[in-house]
Amino acid sequence: MKKSRRRFLQELALKPFQSGQEQEQAQGGANARANANAHTLVVVFLRGGADTLNMLVPYGDDDYYRFRPSLAIQPQAKAGKNGFLPLDSFFGLHPRLAPLLPIYKEGRLGFLPAVGSDNLSGSHFDAQDQMEHGVAWRSTASGGWLGRYLSLSGGHSLGPLAAVSLSPSLPESFRGAPAASALSGVEEISIKAEGAPHLTGVLQKLYKACPEPELREAGLNTLALLARISELRKAELAGPGESALFPATSFGRGLFQIARLVKAGVGLNVACLDLDGWDTHFVQGSAEGLQAGIIAELGQGLSAFDKCLGPLMKGVTVVVLTEFGRRVYENSSLGTDHGRGFTLMAMGGGIRGGQVHGQWPGLKEDLDELRLANLAPTGLAVKVDYRAPLLEILQGVMGAGAYGERIFPGFKPGGGTGLVQV
Amino acid sequence: MTVSRRDVLLTAAFAGLSLSGCSLLRNAVAENLGERVPGKLCRNWGKDIDPDFHLLSRAGFGGYPGDLERLKKIGRKAWLEEQLNPDSIDDKACDWRSRRFESLEIDPGTAYEFKREALRSDMVRHSLLKAVYSRRQLLEVMVEFWTDHFNISLEKGDCIYLKPTDDSKVVRAHALGKFSDLLLASARSPAMLVYLDGKDNKRRNLMEKPNENYARELLELHTMGVNGGYTQLDVLNVARALSGFRLHERHGRGQAYFDKSCHDDGEKLVLGKRIAPGGGEKDLKDVLDIVLAHPSTARYIAYKLTRHFVSDEPPPRLCALVAQTFTDTGGDIKAMLRTIFDAEQFYDPSLRGAKFKRPFRFVVSSLRSLAADTDASKELCQFLSRMGQAPFQYPTPDGYPVEREPWLGSLLWRWNFALTLCLGGVEGVNVKNSMERLEAALADGKVDAALIFPYFTGRKPRPEELSAFQEYSQEAHRRELFGLILASPAFQMY
């Protein structure tokens, strides 16, 4: 039987436990780091259609200010600390994304504007579903893109914590994954039985004596995993000081849990996490207000994640998606309605950061909206199929093979987006 | 005061009934509601898995307390004949549990008015309750088998609105009938027409290319097997012959009809057999007849059934025997099952307990052996999702894997399920009363792994197993002991 690279790493990482037997001997930190070789992809989904125009601010485009008289983020010269943070001569960051600025400057955070799908429905549900399934609009393929990636890349050799969603249930993108888990935190990776301390000892004896080799191996691997997690808690690799870096929200706690799993070296391959609340039809605010609150949560969360993992971030890539962007123009209730394209963010290992990739399509499209009486929403144009950067990350960073067509059925990538290091 | 679910169900069962016959019904209901733990259970075990226990594990999802004793009393042959004729088995108690899902009994058009989430949850709960409480266990096992064989994911398109009808009118209706009827029903099933794009398979003129999706899976997965000997030209011609089926979108929404204008009515050659031009809708029947008559179909179906019931590596001679039964009986499913269960190889000691339970079977067999009282709560269903086998949610047409490898990553959740279940922590599932009854019936109330373990695994524990349980064979840990037995390697196998 051919051994996959991940399988090999997993076995390597678990060896000290299997030979030594005594779980107490687990060497926490050192082992954990050695096992963090397998690359981890973290997919953050901004549910509700995020107005990325106010996150990566195209301050060099006059139309931005023309269409958003009250919502636009102004220059610092005009707005002081509420002004955007210039990245170059055209784009600036929302002021509440300040924690990400150093990461951008260090070249580990990059942006790709005008990403989106061909979905013209303007429906959150339809657009999210399509994107999580990794297909073209109204395609009839089933299963999630991460599910297909996981089964094609690792299949049954994936460990029990290869695919984790920090949510009550599995996201659509994981559908069809060989073994994806929805959990609320590392604490869940435990045997729950109060007053029964030696349960794992009994299981160890039972599985060690199991005559079926595959079942024996799987049982012992799982026990080693449990040992590693409990070791992690004892050693507090990501201690209270570090948890305090993260926002005290479910998003912040989720990111902290992912960081702990990465540190624990449990073979985490893909993690999914949602940040809700982006459907800002009504009084959206600009540098402050409704949307600024979750923008701050996103910025603080990602920056804490980066700090917490430190050098381990080389083996972690974070991609931030949303189902669609919003209209360029503000509506009569000082919000924005559903649009089309959005700006994708990516951070960490393998990402060509410190720049805004692609070409800015301009914001003229919205000018024509009323005149053309379009049936579908307008907004920032979609110039890059959302599957292009995802496939580049999977193939360029995650080591996915030449089965891209099977991860994203029917998708033919064009030229590179530049987002991923080659 | 708390009223248990059991009491509510019992009350519901008698409301509006006259007194006569009431006690009979009460017994019927109570028996399947967790009270069917006889005072005395089998204590005579050997080192190999008991052959009757083996039959209950393979022809069903494992025994409910008392099932083994009853099988031993009436004999394997009589038990099997009962199971092969499910209508002869009174299943009222299960029906009380499982007939509460309004959304599953309405026509597909009305189903569109339900939320997807509600439909998904109803479907999962219904199939779980049926598997746990139905006495027609072989039928339920075959329902699971055909559900995988003709897999339809609820997540594709409108399948979620159409699968409930597919479940009752296709899978359940023909699970123990003729394979040809099952195949025809599936080919016309609106859910399948959506899932494999049959409804979009149109050929209105010679320039239009038919959609081959269903045609290919029909040959590859549903009948002949991937190496069955068909060519790409056969796939194309089957697709042409099956073109023209559509689904109503407004009036009669979700119902299939044949649209002649979308059908390619020319001559076709399928597997060397000619289908004359002008056949219209009848082309479907012609195609299925040709495919059903091909020896690959008999071989493939026989192989899959034998693998399912006998061994992951089924004995070739038995496969050939079952294939012969297929040919002789025109694909009679009952006849094929008789061939399998009558075979000596079925009871081969080295094959007993050699198959790995998939998560659904693991959960169902746990609940059955413990006579759990449950309405298939959300938390219970979440365990299935965590273990990776939520019913009707496998995306690709090949169905949930039958190999053991994909499922080996689910052990942690299995252990936690087993322990949480026995410690009373799975919301909406009660096993406390029945565990006490089991303990009394198996070990005179003692916490003794040597006496309790065999009930769950069909054999005596080996010395190393017994010594592992020793620490928990004591009063303070009686519930943990049950949990550990369910978490043990032996209970993962069947």
# chains A, B, ... in the order shown; residues from 1 in each chain; ligands from 1

$ closest_atom_pairs --of "chain B" --to "chain A" --cutoff "7 Å" --atoms "only C-alpha atoms" --output "Markdown table"
| residue | atom | partner | partner_atom | distance |
| --- | --- | --- | --- | --- |
| B:Glu155 | CA | A:Ser142 | CA | 6.9 |
| B:Lys156 | CA | A:Ser142 | CA | 5.6 |
| B:Gly157 | CA | A:Thr140 | CA | 6.6 |
| B:Arg386 | CA | A:Ser181 | CA | 5.5 |
| B:Gly388 | CA | A:Ala179 | CA | 5.8 |
| B:Tyr394 | CA | A:Gly176 | CA | 6.0 |
| B:Pro395 | CA | A:Gly143 | CA | 4.7 |
| B:Thr396 | CA | A:Ser142 | CA | 6.6 |
| B:Glu405 | CA | A:His156 | CA | 5.5 |
| B:Pro406 | CA | A:His156 | CA | 4.4 |
| B:Leu408 | CA | A:Ala218 | CA | 6.0 |
| B:Gly409 | CA | A:Pro160 | CA | 4.5 |
| B:Ser410 | CA | A:Pro160 | CA | 6.5 |
| B:Leu411 | CA | A:Gly219 | CA | 6.8 |
| B:Leu412 | CA | A:Thr222 | CA | 6.5 |
| B:Asn416 | CA | A:Ile191 | CA | 6.0 |
| B:Leu419 | CA | A:Ala193 | CA | 6.9 |
| B:Thr420 | CA | A:Lys192 | CA | 6.9 |
| B:Glu464 | CA | A:Ala209 | CA | 6.9 |
| B:Glu465 | CA | A:Leu206 | CA | 6.0 |
| B:Ala468 | CA | A:Val202 | CA | 5.3 |
| B:Phe469 | CA | A:Val202 | CA | 6.7 |
| B:Ser488 | CA | A:Leu206 | CA | 6.4 |
| B:Pro489 | CA | A:Tyr207 | CA | 6.2 |

$ write_last_selection --atoms "N, CA and C atoms" --output "short mmCIF file (atom, residue, chain, number, x, y, z; two decimals), in the first residue's frame"
data_model
loop_
_atom_site.label_atom_id
_atom_site.label_comp_id
_atom_site.auth_asym_id
_atom_site.auth_seq_id
_atom_site.Cartn_x
_atom_site.Cartn_y
_atom_site.Cartn_z
N GLU B 155 -28.73 17.09 -0.36
CA GLU B 155 -28.21 18.44 -0.53
C GLU B 155 -28.20 18.90 -1.98
N LYS B 156 -28.44 17.99 -2.90
CA LYS B 156 -28.39 18.42 -4.29
C LYS B 156 -29.76 18.91 -4.76
N GLY B 157 -29.76 20.10 -5.32
CA GLY B 157 -30.97 20.67 -5.90
C GLY B 157 -32.19 20.49 -5.01
N ARG B 386 -21.26 13.59 13.58
CA ARG B 386 -19.87 13.67 14.01
C ARG B 386 -19.08 12.45 13.59
N GLY B 388 -19.71 10.93 10.97
CA GLY B 388 -19.60 11.00 9.52
C GLY B 388 -20.62 10.23 8.73
N TYR B 394 -24.70 11.69 1.94
CA TYR B 394 -23.46 11.39 1.23
C TYR B 394 -23.54 11.99 -0.18
N PRO B 395 -22.58 12.84 -0.55
CA PRO B 395 -22.75 13.63 -1.77
C PRO B 395 -22.68 12.86 -3.09
N THR B 396 -21.80 11.89 -3.18
CA THR B 396 -21.58 11.28 -4.49
C THR B 396 -22.41 10.01 -4.67
N GLU B 405 -11.82 1.38 6.28
CA GLU B 405 -10.83 2.44 6.49
C GLU B 405 -11.44 3.83 6.70
N PRO B 406 -12.38 4.24 5.85
CA PRO B 406 -12.87 5.61 6.02
C PRO B 406 -13.48 5.86 7.39
N LEU B 408 -12.43 4.55 10.36
CA LEU B 408 -11.58 4.31 11.53
C LEU B 408 -11.29 5.61 12.30
N GLY B 409 -11.47 6.75 11.64
CA GLY B 409 -11.26 8.03 12.33
C GLY B 409 -12.40 8.40 13.26
N SER B 410 -13.43 7.57 13.33
CA SER B 410 -14.60 7.95 14.13
C SER B 410 -14.57 7.34 15.53
N LEU B 411 -13.44 6.73 15.89
CA LEU B 411 -13.42 6.01 17.18
C LEU B 411 -13.64 6.92 18.38
N LEU B 412 -13.03 8.09 18.37
CA LEU B 412 -13.17 8.97 19.53
C LEU B 412 -14.64 9.30 19.80
N ASN B 416 -16.97 8.32 23.01
CA ASN B 416 -17.73 9.31 23.77
C ASN B 416 -19.23 9.05 23.68
N LEU B 419 -19.89 6.08 26.15
CA LEU B 419 -19.80 6.47 27.56
C LEU B 419 -20.89 7.47 27.92
N THR B 420 -21.10 8.46 27.04
CA THR B 420 -22.12 9.46 27.32
C THR B 420 -23.50 8.80 27.40
N GLU B 464 -7.47 -11.28 28.24
CA GLU B 464 -6.94 -9.91 28.28
C GLU B 464 -8.09 -8.89 28.27
N GLU B 465 -9.20 -9.24 27.65
CA GLU B 465 -10.36 -8.34 27.70
C GLU B 465 -10.91 -8.28 29.12
N ALA B 468 -8.87 -6.22 31.35
CA ALA B 468 -9.01 -4.78 31.08
C ALA B 468 -10.24 -4.21 31.79
N PHE B 469 -11.30 -5.02 31.84
CA PHE B 469 -12.55 -4.53 32.45
C PHE B 469 -12.54 -4.61 33.97
N SER B 488 -15.52 -0.91 23.30
CA SER B 488 -14.42 -1.87 23.08
C SER B 488 -14.33 -2.29 21.61
N PRO B 489 -13.15 -2.77 21.19
CA PRO B 489 -13.01 -3.20 19.80
C PRO B 489 -14.05 -4.26 19.42
#

$ residues_around --residues "range 244-258 of chain A" --least-positions-apart "5" --cutoff "10 Å" --atoms "only C-alpha atoms" --output "PDB file with C-alpha atoms, in the first residue's frame"
ATOM      1  CA  THR A  40      -3.151  23.790   7.851  1.00  0.00           C
ATOM      2  CA  VAL A  42      -8.088  27.972   7.882  1.00  0.00           C
ATOM      3  CA  VAL A  44     -12.947  32.068   7.564  1.00  0.00           C
ATOM      4  CA  VAL A 164     -12.483  20.527  12.004  1.00  0.00           C
ATOM      5  CA  SER A 165     -15.196  23.126  12.017  1.00  0.00           C
ATOM      6  CA  LEU A 166     -15.440  25.390  15.040  1.00  0.00           C
ATOM      7  CA  SER A 167     -19.215  25.423  14.867  1.00  0.00           C
ATOM      8  CA  LEU A 183     -16.524  20.955  17.732  1.00  0.00           C
ATOM      9  CA  SER A 184     -16.564  23.922  20.015  1.00  0.00           C
ATOM     10  CA  GLY A 185     -13.043  23.511  21.310  1.00  0.00           C
ATOM     11  CA  VAL A 186     -10.087  21.420  22.315  1.00  0.00           C
ATOM     12  CA  GLU A 187     -11.917  20.565  25.528  1.00  0.00           C
ATOM     13  CA  ALA A 238      -1.385  28.431  24.388  1.00  0.00           C
ATOM     14  CA  GLY A 239      -1.763  29.669  27.897  1.00  0.00           C
ATOM     15  CA  LYS A 263       0.217  23.919  18.265  1.00  0.00           C
ATOM     16  CA  ALA A 264      -0.801  20.518  19.507  1.00  0.00           C
ATOM     17  CA  LEU A 268      -5.125  19.480  11.541  1.00  0.00           C
ATOM     18  CA  VAL A 270      -8.429  22.164   7.314  1.00  0.00           C
ATOM     19  CA  ALA A 271     -10.322  24.277   9.840  1.00  0.00           C
ATOM     20  CA  CYS A 272     -13.497  26.246   9.143  1.00  0.00           C
ATOM     21  CA  LEU A 273     -14.837  29.153  11.105  1.00  0.00           C
ATOM     22  CA  ASP A 274     -17.641  31.652  10.535  1.00  0.00           C
ATOM     23  CA  LEU A 275     -17.953  35.302  11.437  1.00  0.00           C
ATOM     24  CA  ASP A 276     -21.568  36.428  11.172  1.00  0.00           C
ATOM     25  CA  ALA A 296     -12.432  45.177  14.523  1.00  0.00           C
ATOM     26  CA  GLU A 297     -13.302  41.652  15.686  1.00  0.00           C
ATOM     27  CA  LEU A 298     -11.920  40.227  12.456  1.00  0.00           C
ATOM     28  CA  GLY A 299      -8.731  42.317  12.649  1.00  0.00           C
ATOM     29  CA  GLN A 300      -8.035  41.594  16.308  1.00  0.00           C
ATOM     30  CA  GLY A 301      -8.829  37.923  15.870  1.00  0.00           C
ATOM     31  CA  LEU A 302      -6.526  37.360  12.895  1.00  0.00           C
ATOM     32  CA  SER A 303      -3.743  39.381  14.464  1.00  0.00           C
ATOM     33  CA  ALA A 304      -4.014  37.415  17.731  1.00  0.00           C
ATOM     34  CA  PHE A 305      -3.955  34.192  15.738  1.00  0.00           C
ATOM     35  CA  LYS A 307       0.892  36.327  17.237  1.00  0.00           C
ATOM     36  CA  CYS A 308      -0.177  33.180  19.039  1.00  0.00           C
ATOM     37  CA  LEU A 309       1.285  30.901  16.385  1.00  0.00           C
TER      38      LEU A 309
END

$ atom_distance --atom1 "CA of Gly254 in chain B" --atom2 "CA of Ala131 in chain B"
27.6 Å

$ select_by_dssp --residues "range 11-251 of chain B" --states "helix (DSSP H, G or I)" --output "ChimeraX atom specification"
/B:11-14,22-35,51-59,67-74,76-84,86-88,92-98,102-104,108-111,116-133,137-149,159-174,179-188,190-195,198-200,213-223,232-241

$ residues_around --residues "Ala59 in chain B" --least-positions-apart "3" --cutoff "9 Å" --atoms "only C-alpha atoms" --output "list in words"
His54, Leu55, Leu56, Gly62, Leu80, Gln83, Gln137, Leu138, Leu139, Val141, Met142, Phe309 and Phe341 of chain B

$ write_last_selection --atoms "C-alpha atoms" --output "compact mmCIF listing (two decimals), in the first residue's frame"
# COMPACT_ATOMS: atom_id res chain seq x y z
CA HIS B 54 -24.29 -13.77 14.39
CA LEU B 55 -27.49 -14.11 12.37
CA LEU B 56 -29.16 -11.35 14.40
CA GLY B 62 -28.15 -6.68 16.29
CA LEU B 80 -35.64 -15.97 8.64
CA GLN B 83 -37.96 -11.61 8.39
CA GLN B 137 -34.89 -5.94 10.93
CA LEU B 138 -33.90 -7.59 7.67
CA LEU B 139 -36.12 -5.13 5.83
CA VAL B 141 -30.96 -3.63 6.74
CA MET B 142 -31.99 -3.93 3.10
CA PHE B 309 -23.91 -10.06 4.54
CA PHE B 341 -28.35 -17.30 4.71

$ residues_around --residues "Phe360 in chain B" --least-positions-apart "4" --cutoff "12 Å" --atoms "only C-alpha atoms" --output "number ranges by chain"
B: 61, 124-125, 127-129, 131-132, 141, 144-145, 356, 364-367, 380-392, 400, 402, 407, 410, 414, 492

$ residues_around --residues "Asp283 in chain B" --least-positions-apart "2" --cutoff "12 Å" --atoms "only C-alpha atoms" --output "PDB file with C-alpha atoms, in the first residue's frame"
ATOM      1  CA  LEU B 184     -37.516   0.737 -12.697  1.00  0.00           C
ATOM      2  CA  ASN B 237     -27.109   5.186 -26.310  1.00  0.00           C
ATOM      3  CA  VAL B 238     -28.611   4.559 -22.893  1.00  0.00           C
ATOM      4  CA  ALA B 239     -28.624   8.325 -22.333  1.00  0.00           C
ATOM      5  CA  ARG B 240     -30.377   8.809 -25.683  1.00  0.00           C
ATOM      6  CA  ALA B 241     -32.947   6.171 -24.826  1.00  0.00           C
ATOM      7  CA  LEU B 242     -33.657   7.718 -21.438  1.00  0.00           C
ATOM      8  CA  SER B 243     -33.944  11.285 -22.696  1.00  0.00           C
ATOM      9  CA  GLY B 244     -37.225  13.127 -22.277  1.00  0.00           C
ATOM     10  CA  PHE B 245     -38.110  12.605 -18.619  1.00  0.00           C
ATOM     11  CA  PHE B 258     -42.364  12.101 -20.226  1.00  0.00           C
ATOM     12  CA  LYS B 260     -41.790  13.277 -26.266  1.00  0.00           C
ATOM     13  CA  HIS B 263     -36.777  12.430 -26.382  1.00  0.00           C
ATOM     14  CA  ASP B 264     -34.413  11.049 -28.979  1.00  0.00           C
ATOM     15  CA  ASP B 265     -36.662   8.599 -30.802  1.00  0.00           C
ATOM     16  CA  GLY B 266     -34.096   7.207 -33.178  1.00  0.00           C
ATOM     17  CA  GLU B 267     -32.722   3.688 -33.262  1.00  0.00           C
ATOM     18  CA  LYS B 268     -30.264   2.709 -30.498  1.00  0.00           C
ATOM     19  CA  LEU B 269     -27.866  -0.142 -29.967  1.00  0.00           C
ATOM     20  CA  VAL B 270     -27.361  -1.014 -26.270  1.00  0.00           C
ATOM     21  CA  ARG B 274     -31.268  -3.102 -30.976  1.00  0.00           C
ATOM     22  CA  ILE B 275     -33.929  -0.725 -29.735  1.00  0.00           C
ATOM     23  CA  ALA B 276     -36.195   0.120 -32.675  1.00  0.00           C
ATOM     24  CA  PRO B 277     -36.925   3.755 -33.484  1.00  0.00           C
ATOM     25  CA  GLY B 278     -40.210   5.284 -32.324  1.00  0.00           C
ATOM     26  CA  GLY B 279     -40.204   3.607 -28.897  1.00  0.00           C
ATOM     27  CA  GLY B 280     -40.772   6.825 -26.963  1.00  0.00           C
ATOM     28  CA  GLU B 281     -41.234   6.322 -23.245  1.00  0.00           C
ATOM     29  CA  LYS B 285     -38.205  -0.407 -20.124  1.00  0.00           C
ATOM     30  CA  ASP B 286     -36.266  -1.776 -23.104  1.00  0.00           C
ATOM     31  CA  VAL B 287     -32.984  -0.442 -21.773  1.00  0.00           C
ATOM     32  CA  LEU B 288     -33.586  -1.858 -18.314  1.00  0.00           C
ATOM     33  CA  ASP B 289     -34.548  -5.250 -19.751  1.00  0.00           C
ATOM     34  CA  ILE B 290     -31.339  -5.379 -21.750  1.00  0.00           C
TER      35      ILE B 290
END

$ residues_around --residues "Asp328 in chain B" --least-positions-apart "4" --cutoff "12 Å" --atoms "only C-alpha atoms" --output "list in words"
Ala293, Pro295, Ala298, Leu321, Val322, Ala323, Gln324, Asp332, Ile333, Ala335, Met336 and Thr339 of chain B

$ closest_atom_pairs --of "range 81-180 of chain A" --to "range 52-70 of chain A" --cutoff "7 Å" --atoms "only C-alpha atoms" --output "Markdown table"
| residue | atom | partner | partner_atom | distance |
| --- | --- | --- | --- | --- |
| A:Ser89 | CA | A:Gly60 | CA | 6.9 |
| A:Phe90 | CA | A:Gly60 | CA | 4.3 |
| A:Phe91 | CA | A:Pro58 | CA | 4.6 |
| A:Gly92 | CA | A:Val57 | CA | 4.9 |
| A:Leu93 | CA | A:Leu56 | CA | 5.0 |
| A:His94 | CA | A:Met55 | CA | 4.9 |

$ write_last_selection --atoms "N, CA and C atoms" --output "compact mmCIF listing (two decimals), in the first residue's frame"
# COMPACT_ATOMS: atom_id res chain seq x y z
N SER A 89 -0.61 53.81 -3.05
CA SER A 89 -1.17 55.09 -3.51
C SER A 89 -2.63 54.97 -3.93
N PHE A 90 -3.23 53.78 -3.76
CA PHE A 90 -4.61 53.59 -4.21
C PHE A 90 -5.50 53.00 -3.12
N PHE A 91 -4.94 52.05 -2.36
CA PHE A 91 -5.75 51.33 -1.37
C PHE A 91 -5.34 51.69 0.06
N GLY A 92 -6.33 51.63 0.93
CA GLY A 92 -6.05 51.80 2.35
C GLY A 92 -6.86 50.79 3.16
N LEU A 93 -6.45 50.58 4.41
CA LEU A 93 -7.17 49.66 5.30
C LEU A 93 -8.14 50.42 6.17
N HIS A 94 -9.25 49.78 6.45
CA HIS A 94 -10.18 50.33 7.45
C HIS A 94 -9.41 50.52 8.77
